[in-house]
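J.: Quick one: the structure is below, and I'll ask about it shortly.
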Amino acid sequence: MYKIAIIPGDGTGPEQVREGLKTIEAVSHLYGFNWETEHYDLGGNYYRRTGEVLPASILEELKQFDAIFLGSIGDPQVKPGILEKGLLLKLRFELDLYINLRPVKLFPGVYTPIKDKGPEDIDIVVVRENTEGLYSGSGGFLRRGTPDEVATQESINTRKGVERCLRFAFDYTDQFRSRKKLTLCGKTNVLTYAFDLWERVFYEVGAEYPQVEKDYAHVDAICMWLVKNPEWFDVIVTDNMFGDIITDLGAMVQGGMGIAAGGNIHPGKTSMFEPIGGSAPKYAGKNIINPLASICAASMMLEFLGEVEAANSIEESVGTVCKHHIKSLNAGEMGYSTSEVGDLVASLCK
Ligand code: IPM
Ligand code: MN
């Protein structure tokens with residue numbers, strides 16, 4: 001019996017989550033697993049009602065689940081930063097979800113803005129470190145608001161944090177990828193401390209994985225090559241900030257936010273799965289948002305829980321819907337409503 005906490009969140013989050021859950025329900029019958037859910041109404045409304053973003057008692061409760069299924073966070077009526085830091089980043093840090101796993105996969109039939117590239121060229125997974133780097137909150141102001149103001153924001157890279165991330169990336173590449181190529185994305189020519197550590201540990205840990213091809217590229221070059229030669233990449237591992245940036249680029253390369261999903265993972269512990277796009281409040285309540293990102297997040301969650309066949313079934317069904325049914329990944333342009341896309345994916349799972 002899997003225990004899943006659901007946080008539908010803001011904007012179109014609840015509509016997306018509904019379709020993700022519909023798909024899990026469908027494969028649970030096909031593959032015979034049991035699951036139970038509990039909904040947590042956290043997000044913009046909850047904050048405006050209670051003045052709290054994530055009460056300590058709810059955080060403790062969330063740790064009791066096998067996984068958390070998140071819609072999206074972001075409410076135009078709440079000052080930017082409050083929900084992002086207080087909920088999304090807080091969960092990542094408090095649950096120590098040190099990996100942000102973000103597949104960049106072009107499904108057949110999906111439009112990519114990259115000319116002359118197809119599904120055989122765009123099948124990448126980014127392993128983003130998720131608890132350190134520039135996101136650690138280290139730094140501060142001096143003489144704030146005066147002409148002599150100083151603001152610092154430091155990138156924190158611990159040997160332990162870097163090593164566990166790289167180890168995950170090597171294990172993942174070795175176990176789940178046929179090509180077995182891992183590229184470290186850094187900036188060793190300028191960030192000569194942080195990425196010196198990353199590079200040293202990359203080759204040190206990498207020595208335990210002779211079967212994995214190792215490669216290094218600077219982050220700026222990776223931005224160029226992701227557009228020019230996406231087929232060069234298999235798995236990319238990088239720090240928190242670079243991972244944040246290159247995965248938005250990746251989302252566009254794979255056809256848009258409508259299909260980009262991610263997992264915030266601590267192997268063996270409560271982990272959290274989400275569509276990586278925002279809450280898209282302008283589409284909320286219209287039944288036009290594309291739910292495939294949430295459905296792909298559901299597939300990732302099932303894979304994490306060990307229901308690999310069910311996860312693959314969802315992924316194949318998403319592929320079929322992209323190839324033969326929907327006209328576009330964009331909200332309102334799919335040729336189907338949000339719930340119809342969910343029905344299609346659920347009914348095509350086998
Ligand atoms: C993401 C988002 C978050 C991040 C924001 C909302 C804090 O952009 O999940 O990529 O920067 O990690
Ligand atoms: Mn981001």
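Following the order of the structure tokens, chains are lettered A, B, ..., residues in each are numbered from 1, and ligands are numbered from 1.
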Which residues are near ligand 2 - at most 10 Å, using only C-alpha atoms and all ligand atoms? Format: as a ChimeraX atom specification.
T.: /A:240-249,276-278
J.: Go ahead and dump the residues you just picked, C-alpha atoms, as a compact mmCIF listing (two decimals), in the first residue's frame.
T.:
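Saved as selection17.txt:
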# COMPACT_ATOMS: atom_id res chain seq x y z
CA ASN A 240 21.54 23.60 -8.31
CA MET A 241 21.62 26.93 -10.18
CA PHE A 242 22.98 25.65 -13.47
CA GLY A 243 20.51 22.77 -13.26
CA ASP A 244 17.64 25.18 -12.76
CA ILE A 245 18.63 27.15 -15.85
CA ILE A 246 19.49 24.36 -18.27
CA THR A 247 16.31 22.43 -17.44
CA ASP A 248 14.12 25.34 -18.54
CA LEU A 249 16.08 25.34 -21.79
CA ILE A 276 8.25 21.76 -13.58
CA GLY A 277 6.20 24.57 -15.11
CA GLY A 278 4.46 27.22 -13.06
J.: Can you list, as a CSV table (one decimal) with C-alpha atoms, in the first residue's frame, every protein, DNA or RNA residue that comes within 10 Å of Val227 (chain A) when you count only C-alpha atoms, leaving out same-chain residues fewer than 6 positions away?
T.:
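The file below, part_11.csv, is the result:
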chain,number,residue,atom,x,y,z
A,113,PRO,CA,11.9,24.4,-32.0
A,114,ILE,CA,15.2,22.7,-32.9
A,115,LYS,CA,15.4,22.4,-36.6
A,117,LYS,CA,16.0,17.1,-34.7
A,249,LEU,CA,16.1,25.3,-21.8
A,250,GLY,CA,15.6,21.6,-21.9
A,252,MET,CA,11.6,24.1,-24.5
A,253,VAL,CA,13.8,21.7,-26.4
J.: For ligand 1, which residue out of A:Pro14, A:Gly145, A:Gly262, A:Gly139 is the nearest one, using only C-alpha atoms and all ligand atoms?
T.: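 The closest residue to ligand 1 is A:Gly262.
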J.: Given only C-alpha atoms and all ligand atoms as the basis, pick out the residue of A:Leu30, A:Met272, A:Ile7, A:Cys185 nearest to ligand 1.
T.: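 Distance minimum relative to ligand 1 lands on A:Met272.
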J.: Applying 10 Å and only C-alpha atoms, which residues near Leu21 (chain A) remain after dropping the ones on its own chain fewer than 6 positions away? List them as a PyMOL selection string.
T.: chain A and resi 6+37+69+294-295+298+342+346
J.: Determine the nearest neighbour of Ala284 (chain A) from the options A:Leu191, A:Ile68, A:Ala261, A:Ala331, counting only C-alpha atoms.
T.: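 Under the stated criterion, the closest residue is A:Ala331.
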J.: Ala251 (chain A): which residues within 9 Å, counting only C-alpha atoms, same-chain residues fewer than 6 positions away excluded, as a list in words?
T.: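 In the requested form, the answer reads Pro103, Val104, Lys105, Met257, Gly258, Ile259, Ala260, Ala261, Ile276 and Gly277 of chain A.
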J.: I need the residues from that last selection saved to file as a CSV table (one decimal), in the first residue's frame (with all heavy atoms), if you can.
T.:
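Output saved as part_11.csv:
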chain,number,residue,atom,x,y,z
A,103,PRO,N,14.0,14.7,-16.8
A,103,PRO,CA,14.1,14.1,-18.1
A,103,PRO,C,13.8,15.2,-19.2
A,103,PRO,O,12.9,16.0,-19.0
A,103,PRO,CB,13.1,13.0,-18.2
A,103,PRO,CG,12.7,12.7,-16.8
A,103,PRO,CD,12.9,14.0,-16.0
A,104,VAL,N,14.6,15.2,-20.2
A,104,VAL,CA,14.3,16.0,-21.4
A,104,VAL,C,14.2,15.1,-22.6
A,104,VAL,O,15.2,14.7,-23.2
A,104,VAL,CB,15.5,17.0,-21.6
A,104,VAL,CG1,15.3,17.9,-22.9
A,104,VAL,CG2,15.7,17.9,-20.4
A,105,LYS,N,12.9,14.7,-22.8
A,105,LYS,CA,12.7,13.6,-23.8
A,105,LYS,C,11.7,14.2,-24.8
A,105,LYS,O,10.6,14.6,-24.4
A,105,LYS,CB,12.2,12.4,-23.1
A,105,LYS,CG,11.9,11.2,-24.0
A,105,LYS,CD,11.3,10.1,-23.2
A,105,LYS,CE,10.7,9.0,-24.0
A,105,LYS,NZ,11.6,7.9,-24.4
A,257,MET,N,6.7,23.5,-21.5
A,257,MET,CA,6.4,23.2,-20.1
A,257,MET,C,5.2,22.3,-20.0
A,257,MET,O,5.0,21.6,-18.9
A,257,MET,CB,6.1,24.5,-19.3
A,257,MET,CG,7.3,25.3,-19.0
A,257,MET,SD,8.5,24.4,-18.0
A,257,MET,CE,9.8,25.6,-17.8
A,258,GLY,N,4.4,22.2,-21.0
A,258,GLY,CA,3.3,21.3,-21.0
A,258,GLY,C,3.6,19.8,-20.7
A,258,GLY,O,2.8,19.0,-20.3
A,259,ILE,N,4.9,19.4,-20.9
A,259,ILE,CA,5.2,18.0,-20.8
A,259,ILE,C,6.5,17.8,-19.9
A,259,ILE,O,6.9,16.7,-19.7
A,259,ILE,CB,5.5,17.4,-22.2
A,259,ILE,CG1,5.4,15.9,-22.1
A,259,ILE,CG2,6.8,17.9,-22.8
A,259,ILE,CD1,5.0,15.2,-23.4
A,260,ALA,N,7.0,18.9,-19.3
A,260,ALA,CA,8.2,18.8,-18.5
A,260,ALA,C,7.9,18.4,-17.1
A,260,ALA,O,7.2,19.1,-16.4
A,260,ALA,CB,9.0,20.0,-18.6
A,261,ALA,N,8.5,17.3,-16.6
A,261,ALA,CA,8.2,16.8,-15.2
A,261,ALA,C,9.5,16.6,-14.5
A,261,ALA,O,10.6,16.5,-15.2
A,261,ALA,CB,7.4,15.5,-15.3
A,276,ILE,N,7.3,20.7,-13.9
A,276,ILE,CA,8.2,21.8,-13.6
A,276,ILE,C,7.8,23.2,-14.0
A,276,ILE,O,8.4,24.1,-13.6
A,276,ILE,CB,9.7,21.5,-14.1
A,276,ILE,CG1,9.9,21.7,-15.5
A,276,ILE,CG2,10.1,20.1,-13.7
A,276,ILE,CD1,11.4,21.6,-15.9
A,277,GLY,N,6.7,23.2,-14.7
A,277,GLY,CA,6.2,24.6,-15.1
A,277,GLY,C,5.5,25.2,-13.9
A,277,GLY,O,5.4,24.7,-12.9
J.: To one decimal in Å, tell me the separation between CA of Tyr46 (chain A) and CA of Leu97 (chain A).
T.: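 So the two atoms, CA of Tyr46 (chain A) and CA of Leu97 (chain A), lie 23.7 Å apart.
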J.: With only C-alpha atoms as the atoms that count, which of A:Thr238, A:Ser136, A:Thr23, A:Asn34 lies nearest to Lys3 (chain A)?
T.: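 Of the candidates, the smallest distance to Lys3 (chain A) is held by A:Asn34.
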J.: Between A:Val321, A:Leu142, A:Leu101, A:Ile289, which has the minimum distance to Ser339 (chain A) (counting only C-alpha atoms)?
T.: A:Ile289
J.: Write out as a PyMOL selection string all residues of region 148-345 of chain A that backbone DSSP assigns to strand (DSSP E or B).
T.: chain A and resi 150-153+156+181-186+213-218+235-238+261-265+271-275
J.: Can you tell me, as a list of chain:residue names, what residues are no more than 9 Å from Ile24 (chain A) when counting only C-alpha atoms, ignoring any on the same chain fewer than 5 positions away?
T.: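 The contact residues come out as A:Glu19, A:His29, A:Ile295, A:Ala298, A:Ser299, A:Leu302, A:Ala310, A:Ala311, A:Ile314, A:Ala346.
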